[in-house]
$ cat query.txt   # compact mmCIF, C-alpha atoms and all ligand atoms
# COMPACT_ATOMS: atom_id res chain seq x y z
CA MET C 197 -32.20 -11.44 -8.64
CA LYS C 198 -30.79 -8.90 -10.98
CA ASN C 199 -27.09 -8.16 -10.53
CA THR C 200 -27.35 -4.39 -10.00
CA SER C 201 -23.64 -3.80 -9.79
CA LEU C 202 -23.18 -5.51 -13.18
CA THR C 203 -26.06 -3.50 -14.69
CA ASN C 204 -24.59 -0.30 -13.29
CA ARG C 205 -21.22 -1.20 -14.65
CA ARG C 206 -22.70 -1.85 -18.12
CA LYS C 207 -24.52 1.48 -17.95
CA TRP C 208 -21.33 3.17 -16.86
CA LEU C 209 -19.35 1.58 -19.69
CA LYS C 210 -22.02 2.61 -22.20
CA ASN C 211 -22.10 6.18 -20.91
CA THR C 212 -18.32 6.39 -20.83
CA ALA C 213 -18.09 5.10 -24.38
CA LEU C 214 -20.68 7.62 -25.50
CA SER C 215 -19.03 10.48 -23.71
CA SER C 216 -15.64 9.51 -25.13
CA VAL C 217 -17.16 9.65 -28.61
CA GLY C 218 -18.54 13.05 -27.66
CA LEU C 219 -15.15 14.16 -26.42
CA VAL C 220 -13.41 12.97 -29.56
CA MET C 221 -16.00 14.77 -31.68
CA ALA C 222 -15.64 17.93 -29.62
CA ALA C 223 -11.87 17.69 -29.84
CA ASN C 224 -12.08 17.25 -33.59
CA ALA C 225 -14.44 20.18 -33.90
CA GLY C 226 -11.96 22.20 -31.86
CA ALA C 227 -9.07 21.00 -34.00
CA PHE C 228 -10.93 22.13 -37.09
CA ALA C 229 -11.70 25.53 -35.69
CA TYR C 230 -8.24 26.10 -34.27
CA ASP C 231 -6.31 24.90 -37.26
CA HIS C 232 -7.23 28.14 -38.94
CA PRO C 233 -7.30 30.87 -36.32
CA ALA C 234 -4.63 32.89 -38.04
CA GLN C 235 -6.69 33.73 -41.06
CA GLU C 236 -10.25 32.58 -40.50
CA PRO C 237 -12.84 34.63 -38.68
CA PHE C 238 -14.59 32.95 -35.78
CA THR C 239 -17.73 31.15 -36.83
CA GLU C 240 -21.09 32.34 -35.59
CA GLN C 241 -21.16 29.50 -33.04
CA GLU C 242 -17.90 30.43 -31.38
CA LEU C 243 -17.21 33.00 -28.75
CA LEU C 244 -15.40 36.00 -30.14
CA ARG C 245 -12.62 36.53 -27.60
CA LEU C 246 -11.98 40.21 -27.15
CA PHE C 247 -11.22 40.03 -23.44
CA SER C 248 -7.69 38.63 -22.94
CA ASN C 249 -5.51 40.62 -25.34
CA GLU C 250 -4.20 37.42 -26.89
CA ASN C 251 -2.44 37.45 -30.23
CA PRO C 252 -5.28 36.33 -32.55
CA TYR C 253 -2.77 34.60 -34.84
CA SER C 254 -1.85 31.03 -34.12
CA PRO C 255 1.88 30.39 -33.54
CA SER C 256 3.97 30.28 -36.71
CA PRO C 257 4.78 26.95 -38.43
CA LYS C 258 8.32 27.14 -36.99
CA VAL C 259 7.03 27.37 -33.45
CA LYS C 260 4.42 24.66 -33.97
CA SER C 261 7.05 22.37 -35.41
CA ALA C 262 9.36 22.98 -32.41
CA MET C 263 6.53 21.91 -30.13
CA GLN C 264 5.68 18.90 -32.25
CA GLN C 265 9.27 17.70 -32.16
CA LEU C 266 9.13 17.56 -28.38
CA LEU C 267 5.74 15.92 -27.99
CA TYR C 268 7.47 12.59 -27.45
CA ARG C 269 9.20 14.00 -24.36
CA ALA C 270 6.02 15.00 -22.55
CA ASN C 271 6.77 12.17 -20.09
CA ARG C 272 10.04 13.83 -19.02
CA TYR C 273 10.85 16.85 -16.87
CA ALA C 274 12.53 19.65 -18.77
CA ASN C 275 16.10 18.97 -17.65
CA TYR C 276 19.15 17.11 -18.98
CA HIS C 277 18.03 17.98 -22.51
CA PRO C 278 18.89 20.92 -24.81
CA VAL C 279 15.40 22.34 -24.30
CA ASN C 280 15.56 23.27 -20.62
CA PRO C 281 14.87 26.33 -18.46
CA LYS C 282 18.54 27.41 -18.44
CA ALA C 283 18.58 27.42 -22.26
CA LEU C 284 15.58 29.75 -22.32
CA LYS C 285 17.12 32.00 -19.65
CA GLU C 286 20.30 32.18 -21.71
CA ALA C 287 18.42 32.98 -24.91
CA ILE C 288 16.45 35.77 -23.20
CA ALA C 289 19.59 37.09 -21.48
CA LYS C 290 21.51 37.18 -24.76
CA ARG C 291 18.76 39.16 -26.45
CA GLU C 292 18.48 41.62 -23.55
CA GLY C 293 22.19 42.13 -22.84
CA LEU C 294 21.94 40.33 -19.49
CA LYS C 295 23.11 37.05 -17.94
CA ALA C 296 21.03 33.95 -17.21
CA GLU C 297 21.35 34.80 -13.48
CA ASN C 298 19.21 37.90 -14.14
CA ILE C 299 16.22 35.92 -15.41
CA VAL C 300 13.48 34.23 -13.37
CA LEU C 301 11.06 32.04 -15.31
CA GLY C 302 7.47 31.36 -14.39
CA HIS C 303 4.31 29.63 -15.58
CA GLY C 304 3.12 32.80 -17.29
CA SER C 305 4.13 36.21 -15.97
CA TYR C 306 1.03 35.95 -13.76
CA GLN C 307 2.88 33.46 -11.59
CA VAL C 308 5.98 35.65 -11.46
CA LEU C 309 3.79 38.58 -10.42
CA THR C 310 2.30 36.57 -7.54
CA LEU C 311 5.81 35.62 -6.37
CA ILE C 312 6.71 39.31 -6.45
CA ALA C 313 3.60 40.09 -4.38
CA ILE C 314 4.76 37.52 -1.80
CA MET C 315 8.32 38.81 -1.75
CA TYR C 316 7.35 42.45 -1.27
CA GLY C 317 4.16 42.04 0.77
CA ARG C 318 4.89 39.30 3.30
CA ASN C 319 6.02 41.67 6.03
CA LYS C 320 2.91 43.82 5.62
CA GLU C 321 4.82 46.46 3.69
CA THR C 322 3.23 49.20 1.61
CA ILE C 323 2.84 48.63 -2.12
CA ILE C 324 1.92 51.47 -4.47
CA THR C 325 -0.03 50.67 -7.61
CA PRO C 326 -1.94 52.68 -10.21
CA LYS C 327 -5.67 52.30 -10.70
CA PRO C 328 -6.99 50.98 -13.01
CA THR C 329 -4.22 48.60 -13.99
CA PHE C 330 -3.55 44.86 -14.35
CA ASN C 331 -3.78 44.42 -10.63
CA VAL C 332 -2.34 40.98 -9.87
CA VAL C 333 0.34 42.26 -7.51
CA GLY C 334 -1.93 44.66 -5.61
CA ASN C 335 -4.70 42.08 -5.28
CA TYR C 336 -2.46 39.25 -4.17
CA ALA C 337 -0.42 41.38 -1.77
CA ASP C 338 -3.59 42.85 -0.28
CA HIS C 339 -5.75 39.74 0.01
CA GLN C 340 -3.17 36.97 0.49
CA MET C 341 -0.29 38.74 2.24
CA GLY C 342 -2.13 41.42 4.23
CA ALA C 343 0.05 44.16 2.73
CA ASN C 344 -0.99 47.79 2.72
CA VAL C 345 -1.78 48.51 -0.93
CA LYS C 346 -2.23 52.13 -1.93
CA TYR C 347 -4.09 52.72 -5.18
CA ILE C 348 -3.24 55.87 -7.10
CA ALA C 349 -5.75 57.04 -9.71
CA LEU C 350 -4.56 57.64 -13.27
CA ASP C 351 -4.47 61.26 -14.40
CA LYS C 352 -7.17 62.82 -16.56
CA ASN C 353 -5.43 61.51 -19.70
CA HIS C 354 -5.57 57.93 -18.36
CA ARG C 355 -1.81 57.90 -17.75
CA MET C 356 -0.04 56.71 -14.62
CA ASP C 357 0.46 59.62 -12.26
CA LEU C 358 4.11 59.13 -11.31
CA SER C 359 4.28 62.22 -9.11
CA ALA C 360 1.28 61.13 -7.07
CA MET C 361 2.75 57.64 -6.79
CA ARG C 362 6.01 59.02 -5.48
CA ARG C 363 4.16 61.22 -2.96
CA ALA C 364 2.20 58.21 -1.71
CA MET C 365 5.35 56.36 -0.64
CA ASP C 366 5.92 55.93 3.08
CA ALA C 367 8.71 54.48 5.23
CA LYS C 368 7.33 50.94 4.75
CA THR C 369 7.03 51.09 0.95
CA SER C 370 8.73 48.05 -0.55
CA LEU C 371 7.41 48.11 -4.11
CA VAL C 372 6.03 50.57 -6.65
CA PHE C 373 4.18 48.99 -9.56
CA VAL C 374 4.22 50.50 -13.03
CA CYS C 375 2.48 48.85 -15.97
CA ASN C 376 4.05 50.13 -19.18
CA PRO C 377 2.05 50.06 -21.45
CA ASN C 378 -0.80 50.10 -18.96
CA ASN C 379 -3.59 47.57 -19.09
CA PRO C 380 -6.51 48.51 -19.53
CA THR C 381 -5.81 52.00 -20.90
CA GLY C 382 -2.99 51.23 -23.38
CA THR C 383 -1.14 54.39 -22.31
CA VAL C 384 2.64 54.60 -21.85
CA ILE C 385 5.20 56.65 -19.99
CA GLU C 386 7.94 58.29 -21.98
CA ALA C 387 11.18 56.32 -21.57
CA GLU C 388 13.44 59.01 -20.09
CA ARG C 389 10.78 60.04 -17.58
CA LEU C 390 10.23 56.47 -16.48
CA LYS C 391 13.96 55.86 -16.22
CA SER C 392 14.52 58.80 -13.89
CA PHE C 393 11.45 57.79 -11.85
CA CYS C 394 12.89 54.27 -11.43
CA ARG C 395 16.33 55.60 -10.46
CA GLU C 396 14.88 58.03 -7.93
CA VAL C 397 12.30 55.70 -6.36
CA GLY C 398 14.75 52.78 -6.52
CA LYS C 399 16.80 54.40 -3.75
CA LYS C 400 13.97 53.54 -1.34
CA ALA C 401 11.87 50.79 -2.92
CA THR C 402 11.97 48.40 -5.87
CA VAL C 403 10.13 49.55 -8.99
CA LEU C 404 8.32 46.77 -10.82
CA VAL C 405 7.70 47.51 -14.49
CA ASP C 406 5.25 45.13 -16.16
CA GLU C 407 6.16 45.09 -19.86
CA ALA C 408 3.63 42.50 -21.03
CA TYR C 409 2.79 44.64 -24.10
CA ILE C 410 6.09 46.42 -24.69
CA GLU C 411 6.65 44.72 -28.08
CA TYR C 412 3.54 46.46 -29.43
CA ALA C 413 4.59 49.96 -28.32
CA ASN C 414 5.98 52.51 -30.73
CA PRO C 415 9.67 52.93 -29.71
CA ALA C 416 9.32 56.67 -30.23
CA LYS C 417 6.74 56.76 -27.40
CA THR C 418 8.29 54.46 -24.82
CA LYS C 419 10.98 51.81 -24.31
CA THR C 420 11.84 48.83 -22.20
CA MET C 421 13.57 49.57 -18.88
CA VAL C 422 15.99 46.67 -19.33
CA GLU C 423 18.91 49.11 -19.43
CA LEU C 424 18.26 49.73 -15.73
CA VAL C 425 18.73 46.04 -14.98
CA GLN C 426 22.02 46.14 -16.90
CA GLN C 427 23.00 49.09 -14.69
CA LYS C 428 22.07 47.12 -11.53
CA GLU C 429 19.30 49.52 -10.49
CA ASN C 430 16.62 48.50 -7.99
CA VAL C 431 14.07 47.41 -10.61
CA LEU C 432 12.20 44.31 -11.66
CA ILE C 433 10.82 43.91 -15.16
CA THR C 434 8.23 41.30 -16.09
CA ARG C 435 7.51 40.08 -19.61
CA THR C 436 5.48 37.35 -21.20
CA PHE C 437 5.30 35.03 -24.22
CA SER C 438 1.49 35.25 -23.99
CA LYS C 439 0.83 38.38 -25.99
CA MET C 440 2.96 39.31 -29.02
CA TYR C 441 4.59 35.87 -29.13
CA GLY C 442 1.18 34.23 -29.41
CA LEU C 443 1.77 31.59 -26.72
CA ALA C 444 -0.82 32.40 -24.02
CA GLY C 445 -1.82 28.76 -23.74
CA MET C 446 1.77 27.65 -23.15
CA ARG C 447 2.13 29.73 -19.95
CA ILE C 448 5.64 31.14 -20.07
CA GLY C 449 6.60 34.45 -18.50
CA TYR C 450 9.68 35.85 -16.85
CA ALA C 451 11.20 38.55 -14.70
CA MET C 452 14.50 40.36 -15.24
CA ALA C 453 16.41 41.89 -12.35
CA ARG C 454 19.90 42.33 -10.99
CA LYS C 455 21.37 39.14 -9.56
CA ASP C 456 20.52 39.59 -5.86
CA ILE C 457 16.87 40.47 -6.58
CA ALA C 458 16.50 37.65 -9.13
CA GLU C 459 17.96 35.14 -6.67
CA ARG C 460 15.60 36.18 -3.87
CA LEU C 461 12.66 35.88 -6.25
CA ASP C 462 13.79 32.56 -7.66
CA LYS C 463 14.01 31.09 -4.14
CA LEU C 464 10.25 31.50 -3.87
CA ASN C 465 9.92 29.16 -6.84
CA GLY C 466 11.30 26.38 -4.66
CA GLN C 467 13.71 23.69 -5.75
CA PHE C 468 11.77 22.47 -8.79
CA GLY C 469 9.51 25.44 -9.48
CA GLN C 470 11.47 26.49 -12.53
CA LEU C 471 10.96 23.21 -14.35
CA ILE C 472 8.27 24.76 -16.49
CA ASN C 473 6.50 22.88 -19.24
CA THR C 474 8.64 21.32 -21.95
CA LEU C 475 6.46 22.28 -24.92
CA GLY C 476 6.25 25.84 -23.66
CA LEU C 477 10.03 26.02 -23.44
CA ALA C 478 10.41 24.64 -26.97
CA ALA C 479 7.83 27.13 -28.25
CA ALA C 480 9.38 30.08 -26.43
CA LEU C 481 12.88 29.26 -27.67
CA ALA C 482 11.69 28.91 -31.26
CA SER C 483 9.58 32.07 -31.06
CA LEU C 484 12.61 34.16 -30.06
CA GLU C 485 14.16 33.24 -33.40
CA ASP C 486 11.04 33.99 -35.39
CA GLU C 487 11.29 37.71 -36.09
CA GLN C 488 9.05 37.48 -39.11
CA PHE C 489 6.11 36.37 -36.95
CA ILE C 490 6.64 39.36 -34.67
CA ARG C 491 6.92 41.79 -37.58
CA SER C 492 3.77 40.47 -39.18
CA SER C 493 1.86 40.50 -35.86
CA ILE C 494 2.83 44.13 -35.29
CA LYS C 495 1.80 45.09 -38.80
CA LYS C 496 -1.56 43.33 -38.63
CA ASN C 497 -2.24 44.78 -35.20
CA GLN C 498 -1.56 48.28 -36.54
CA GLN C 499 -3.86 47.76 -39.52
CA VAL C 500 -6.67 46.44 -37.33
CA MET C 501 -6.18 49.19 -34.74
CA ARG C 502 -6.29 51.87 -37.45
CA TYR C 503 -9.47 50.41 -38.94
CA PHE C 504 -11.16 50.10 -35.54
CA CYS C 505 -10.26 53.66 -34.49
CA GLN C 506 -11.58 55.06 -37.80
CA GLN C 507 -14.84 53.22 -37.28
CA LEU C 508 -15.15 54.49 -33.69
CA ASP C 509 -14.46 58.03 -34.93
CA GLY C 510 -17.30 57.58 -37.40
CA MET C 511 -19.56 56.45 -34.55
CA ASN C 512 -18.42 59.37 -32.36
CA LEU C 513 -17.21 57.03 -29.63
CA PRO C 514 -14.28 58.33 -27.56
CA TYR C 515 -11.26 56.08 -26.94
CA VAL C 516 -7.75 56.40 -25.52
CA PRO C 517 -4.97 56.12 -28.16
CA SER C 518 -3.23 52.84 -27.45
CA GLU C 519 0.31 51.45 -27.70
CA THR C 520 -0.92 47.88 -27.33
CA ASN C 521 -3.19 45.30 -28.93
CA PHE C 522 -6.29 46.56 -27.11
CA LEU C 523 -8.25 49.77 -26.94
CA TYR C 524 -9.98 51.50 -24.02
CA VAL C 525 -13.28 52.72 -25.41
CA GLN C 526 -15.94 54.84 -23.73
CA THR C 527 -18.73 52.54 -24.82
CA GLY C 528 -20.98 53.80 -22.03
CA LYS C 529 -21.29 57.10 -23.85
CA ALA C 530 -23.46 55.54 -26.52
CA PHE C 531 -24.57 52.11 -25.40
CA LYS C 532 -26.62 50.85 -22.52
CA ASP C 533 -25.47 47.46 -21.19
CA PHE C 534 -22.81 47.15 -23.89
CA HIS C 535 -21.44 43.92 -22.45
CA SER C 536 -24.70 42.09 -22.04
CA GLN C 537 -25.82 43.19 -25.49
CA LEU C 538 -22.58 41.75 -26.93
CA ALA C 539 -22.78 38.60 -24.80
CA LYS C 540 -26.12 37.78 -26.44
CA ARG C 541 -24.21 37.77 -29.73
CA LYS C 542 -21.41 35.54 -28.42
CA ILE C 543 -18.89 38.32 -28.05
CA LYS C 544 -16.99 38.83 -24.82
CA ALA C 545 -15.22 42.16 -24.39
CA ILE C 546 -14.05 43.18 -20.96
CA GLY C 547 -15.57 46.03 -19.00
CA LYS C 548 -12.92 47.51 -16.77
CA ASP C 549 -13.45 49.71 -13.79
CA SER C 550 -16.96 50.85 -14.69
CA SER C 551 -19.70 50.19 -17.19
CA GLU C 552 -18.57 53.40 -18.87
CA TRP C 553 -15.31 52.04 -20.33
CA SER C 554 -14.56 48.79 -22.17
CA ARG C 555 -11.18 47.32 -22.94
CA ILE C 556 -11.49 45.68 -26.34
CA SER C 557 -8.75 43.40 -27.69
CA MET C 558 -7.79 43.62 -31.35
CA ALA C 559 -8.73 40.45 -33.20
CA THR C 560 -8.34 39.63 -36.89
CA MET C 561 -9.61 42.19 -39.40
CA ALA C 562 -12.55 39.94 -40.28
CA ASP C 563 -13.57 39.65 -36.62
CA MET C 564 -13.25 43.39 -36.01
CA LYS C 565 -15.45 44.03 -39.04
CA ARG C 566 -17.98 41.64 -37.57
CA LEU C 567 -17.79 43.47 -34.24
CA ILE C 568 -18.32 46.86 -35.89
CA LYS C 569 -21.31 45.54 -37.82
CA ILE C 570 -22.79 44.24 -34.59
CA MET C 571 -22.01 47.47 -32.69
CA LYS C 572 -23.86 49.47 -35.34
CA GLY C 573 -26.95 47.38 -34.65
CA LEU C 574 -26.85 47.63 -30.82
CA LYS C 575 -29.44 49.52 -28.79
CA THR C 576 -28.13 52.97 -27.93
CA LYS C 577 -29.01 55.08 -24.90
C1 LIG M 1 -0.20 43.75 -18.04
C2 LIG M 1 -0.25 42.26 -17.93
N1 LIG M 1 0.71 41.64 -17.24
C3 LIG M 1 0.71 40.31 -17.12
C4 LIG M 1 -0.27 39.52 -17.68
C5 LIG M 1 -0.23 38.05 -17.44
O1 LIG M 1 0.00 37.35 -18.58
P1 LIG M 1 0.59 35.86 -18.57
O2 LIG M 1 0.34 35.28 -17.21
O3 LIG M 1 -0.17 35.15 -19.61
O4 LIG M 1 2.05 35.98 -18.86
C6 LIG M 1 -1.29 40.13 -18.41
C7 LIG M 1 -2.37 39.32 -19.01
O5 LIG M 1 -3.36 39.78 -19.49
C8 LIG M 1 -1.29 41.54 -18.54
O6 LIG M 1 -2.23 42.19 -19.21
$ encode --input "query.txt" --output "structure tokens"
Amino acid sequence: MKNTSLTNRRKWLKNTALSSVGLVMAANAGAFAYDHPAQEPFTEQELLRLFSNENPYSPSPKVKSAMQQLLYRANRYANYHPVNPKALKEAIAKREGLKAENIVLGHGSYQVLTLIAIMYGRNKETIITPKPTFNVVGNYADHQMGANVKYIALDKNHRMDLSAMRRAMDAKTSLVFVCNPNNPTGTVIEAERLKSFCREVGKKATVLVDEAYIEYANPAKTKTMVELVQQKENVLITRTFSKMYGLAGMRIGYAMARKDIAERLDKLNGQFGQLINTLGLAAALASLEDEQFIRSSIKKNQQVMRYFCQQLDGMNLPYVPSETNFLYVQTGKAFKDFHSQLAKRKIKAIGKDSSEWSRISMATMADMKRLIKIMKGLKTK
């Protein structure tokens, strides 16, 4: 009689060996493609990623080398070593004129935002949030915490309507969310206006300002609200290493707040929740030192944004001027099924809110040229 378990085992070994070869090949193919993302356009076979507002440029050699140096420590938790969460908190605090006690780290700012949703929504409080926006807090507080989330439409210029948000507050309002610059519209609130809004609203509820894209914004148009944390106002600011710093895959984000708020938030992380990933910490620490990478990312983003806007002007497509690395474009004005037409050509751009508007991330110049060429060939309405 045939030994079926042995035959199955042989088959399994053969399949496993084959799939490992496949995996190695796929990994190598990936390594080839991703060794060059800073300069090379995506190949025809790859998906052109215009949906996550990532920095299209791979981390700088300095940052890569900092990660490489710590590869050997992947077996260890990130403590009792110079690269540890406290070191990153201190580096951020130093840059922002704060103390380490004002910083709460998370696995991407997404995680910090969910902790904030728990903290301010767990007693079924009211949370005010603009619409459309990057709605992690509203979603989580609404669906996971049973909070009462009030959505306030943007004004006709796609800006957050601060007056309407203030009017929507009730006795149970715990948190007012402001995304500055706003995702998906790329619009900002002028710094002095936002500061007085935060001071006023802060007497009754915490104001959360999501500054995921603040490094891209023209300082003449808006500014960080970190000064309010220094002045111990009732605000929370979230930031990320995922966008300008080019470290989306490393998942490091943080919140800044006065000590009592930061401590309450940090408690939700639990005892070991702040032991974030070692390579991410190394990368984040090195990236804070790498001003040249930031300067060059800003410059390239501006060049690409200028080119893209000029092309859209030429195509008569309306868009909202942006202070970020993405653009809110009224693609529905010209194109039918813009997203599915692009998907057939391996391009993914996000459609926010309605099929009328698309939020398109800035990629490299070569990729944006490819996008424009493709857009010119799409079926119009
Ligand atoms: C406004 C805003 N905040 C926060 C995030 C979350 O980013 P991360 O979790 O990578 O820090 C994003 C990501 O797209 C975003 O657009």
$ residues_near_ligand --input "query.txt" --ligand "ligand LIG 1 (chain M)" --cutoff "6 Å" --atoms "only C-alpha atoms and all ligand atoms" --output "mmCIF file with C-alpha atoms, in the frame of the given file"
data_model
loop_
_atom_site.group_PDB
_atom_site.id
_atom_site.type_symbol
_atom_site.label_atom_id
_atom_site.label_comp_id
_atom_site.auth_asym_id
_atom_site.auth_seq_id
_atom_site.Cartn_x
_atom_site.Cartn_y
_atom_site.Cartn_z
ATOM 1 C CA SER C 248 -7.690 38.630 -22.940
ATOM 2 C CA GLY C 304 3.120 32.800 -17.290
ATOM 3 C CA SER C 305 4.130 36.210 -15.970
ATOM 4 C CA TYR C 306 1.030 35.950 -13.760
ATOM 5 C CA PHE C 330 -3.550 44.860 -14.350
ATOM 6 C CA ASN C 379 -3.590 47.570 -19.090
ATOM 7 C CA ASP C 406 5.250 45.130 -16.160
ATOM 8 C CA ALA C 408 3.630 42.500 -21.030
ATOM 9 C CA THR C 436 5.480 37.350 -21.200
ATOM 10 C CA SER C 438 1.490 35.250 -23.990
ATOM 11 C CA ALA C 444 -0.820 32.400 -24.020
ATOM 12 C CA ARG C 447 2.130 29.730 -19.950
ATOM 13 C CA GLY C 449 6.600 34.450 -18.500
#
$ atom_distance --input "query.txt" --atom1 "atom CA of Ser551 of chain C" --atom2 "atom CA of Arg245 of chain C"
18.6 Å
$ atom_distance --input "query.txt" --atom1 "atom CA of Gly293 of chain C" --atom2 "atom CA of Val308 of chain C"
20.8 Å
$ closest_residue --input "query.txt" --among "C:Arg541, C:Lys455, C:Lys575, C:His339" --to "Lys320 of chain C" --atoms "only C-alpha atoms"
C:His339
$ closest_residue --input "query.txt" --among "C:Arg318, C:Lys352, C:Arg555, C:Arg395" --to "Ala337 of chain C" --atoms "all atoms listed in the file"
C:Arg318
$ closest_residue --input "query.txt" --among "C:Leu432, C:Cys375, C:Leu475, C:Ala413" --to "Leu267 of chain C" --atoms "all atoms listed in the file"
C:Leu475
$ residues_around --input "query.txt" --residues "Thr381 of chain C" --least-positions-apart "6" --cutoff "9 Å" --atoms "only C-alpha atoms" --output "VMD selection string"
chain C and resid 328 to 329 354 to 355 516 to 518 522 to 525 555
$ axis_aligned_box --input "query.txt" --around "segment 446-461 of chain C" --padding-each-side "3 Å" --output "lines of an AutoDock Vina configuration file"
center_x = 11.6
center_y = 35.0
center_z = -13.5
size_x = 25.6
size_y = 20.7
size_z = 25.3
$ atom_distance --input "query.txt" --atom1 "atom CA of Asp456 of chain C" --atom2 "atom CA of Ile312 of chain C"
13.8 Å
$ closest_residue --input "query.txt" --among "C:Leu266, C:Leu481, C:Met440, C:Leu461" --to "Glu297 of chain C" --atoms "all atoms listed in the file"
C:Leu461
$ residues_near_point --input "query.txt" --point "(19.8, 49.8, -3.5)" --cutoff "9 Å" --atoms "all atoms listed in the file" --output "list of chain:residue names"
C:Gly398, C:Lys399, C:Lys400, C:Ala401, C:Thr402, C:Lys428, C:Glu429, C:Asn430
$ closest_residue --input "query.txt" --among "C:Arg272, C:Arg491, C:Lys327, C:Lys572" --to "Gly510 of chain C" --atoms "all atoms listed in the file"
C:Lys572
$ closest_residue --input "query.txt" --among "C:Ala451, C:Ile472, C:Gly442, C:Val279" --to "Ser492 of chain C" --atoms "all atoms listed in the file"
C:Gly442
$ residues_around --input "query.txt" --residues "Ala270 of chain C" --least-positions-apart "5" --cutoff "12 Å" --atoms "only C-alpha atoms" --output "list in words"
Met263, Gln264, Gln265, Asn275, Ile472, Asn473, Thr474, Leu475, Gly476, Leu477 and Ala478 of chain C
$ residues_around --input "query.txt" --residues "Asp338 of chain C" --least-positions-apart "6" --cutoff "9 Å" --atoms "all atoms listed in the file" --output "list in words"
Ala313, Gly317, Lys320, Ile323, Asn344 and Val345 of chain C
$ residues_around --input "query.txt" --residues "Ile556 of chain C" --least-positions-apart "4" --cutoff "12 Å" --atoms "all atoms listed in the file" --output "PyMOL selection string"
chain C and resi 244-250+379-382+501+504-505+515-516+518+520-527+534-535+538+543-548+564+567-568
$ write_last_selection --input "query.txt" --atoms "C-alpha atoms" --output "compact mmCIF listing (two decimals), in the coordinates of the input"
# COMPACT_ATOMS: atom_id res chain seq x y z
CA LEU C 244 -15.40 36.00 -30.14
CA ARG C 245 -12.62 36.53 -27.60
CA LEU C 246 -11.98 40.21 -27.15
CA PHE C 247 -11.22 40.03 -23.44
CA SER C 248 -7.69 38.63 -22.94
CA ASN C 249 -5.51 40.62 -25.34
CA GLU C 250 -4.20 37.42 -26.89
CA ASN C 379 -3.59 47.57 -19.09
CA PRO C 380 -6.51 48.51 -19.53
CA THR C 381 -5.81 52.00 -20.90
CA GLY C 382 -2.99 51.23 -23.38
CA MET C 501 -6.18 49.19 -34.74
CA PHE C 504 -11.16 50.10 -35.54
CA CYS C 505 -10.26 53.66 -34.49
CA TYR C 515 -11.26 56.08 -26.94
CA VAL C 516 -7.75 56.40 -25.52
CA SER C 518 -3.23 52.84 -27.45
CA THR C 520 -0.92 47.88 -27.33
CA ASN C 521 -3.19 45.30 -28.93
CA PHE C 522 -6.29 46.56 -27.11
CA LEU C 523 -8.25 49.77 -26.94
CA TYR C 524 -9.98 51.50 -24.02
CA VAL C 525 -13.28 52.72 -25.41
CA GLN C 526 -15.94 54.84 -23.73
CA THR C 527 -18.73 52.54 -24.82
CA PHE C 534 -22.81 47.15 -23.89
CA HIS C 535 -21.44 43.92 -22.45
CA LEU C 538 -22.58 41.75 -26.93
CA ILE C 543 -18.89 38.32 -28.05
CA LYS C 544 -16.99 38.83 -24.82
CA ALA C 545 -15.22 42.16 -24.39
CA ILE C 546 -14.05 43.18 -20.96
CA GLY C 547 -15.57 46.03 -19.00
CA LYS C 548 -12.92 47.51 -16.77
CA MET C 564 -13.25 43.39 -36.01
CA LEU C 567 -17.79 43.47 -34.24
CA ILE C 568 -18.32 46.86 -35.89
$ residues_around --input "query.txt" --residues "Asp351 of chain C" --least-positions-apart "6" --cutoff "10 Å" --atoms "all atoms listed in the file" --output "list in words"
Pro326, Lys327, Asp357, Leu358 and Ala360 of chain C
$ decode --input "query.txt" --residues "segment 339-351 of chain C" --atoms "C-alpha atoms" --output "short mmCIF file (atom, residue, chain, number, x, y, z; two decimals), in the first residue's frame"
data_model
loop_
_atom_site.label_atom_id
_atom_site.label_comp_id
_atom_site.auth_asym_id
_atom_site.auth_seq_id
_atom_site.Cartn_x
_atom_site.Cartn_y
_atom_site.Cartn_z
CA HIS C 339 -18.56 53.01 15.47
CA GLN C 340 -16.39 51.64 18.29
CA MET C 341 -17.19 53.94 21.22
CA GLY C 342 -20.81 54.88 20.49
CA ALA C 343 -19.98 58.59 20.71
CA ASN C 344 -22.20 61.24 19.19
CA VAL C 345 -20.21 62.52 16.21
CA LYS C 346 -21.42 65.69 14.54
CA TYR C 347 -20.15 66.27 11.02
CA ILE C 348 -19.84 69.86 9.87
CA ALA C 349 -19.63 70.49 6.12
CA LEU C 350 -16.73 72.50 4.74
CA ASP C 351 -17.58 75.94 3.40
#
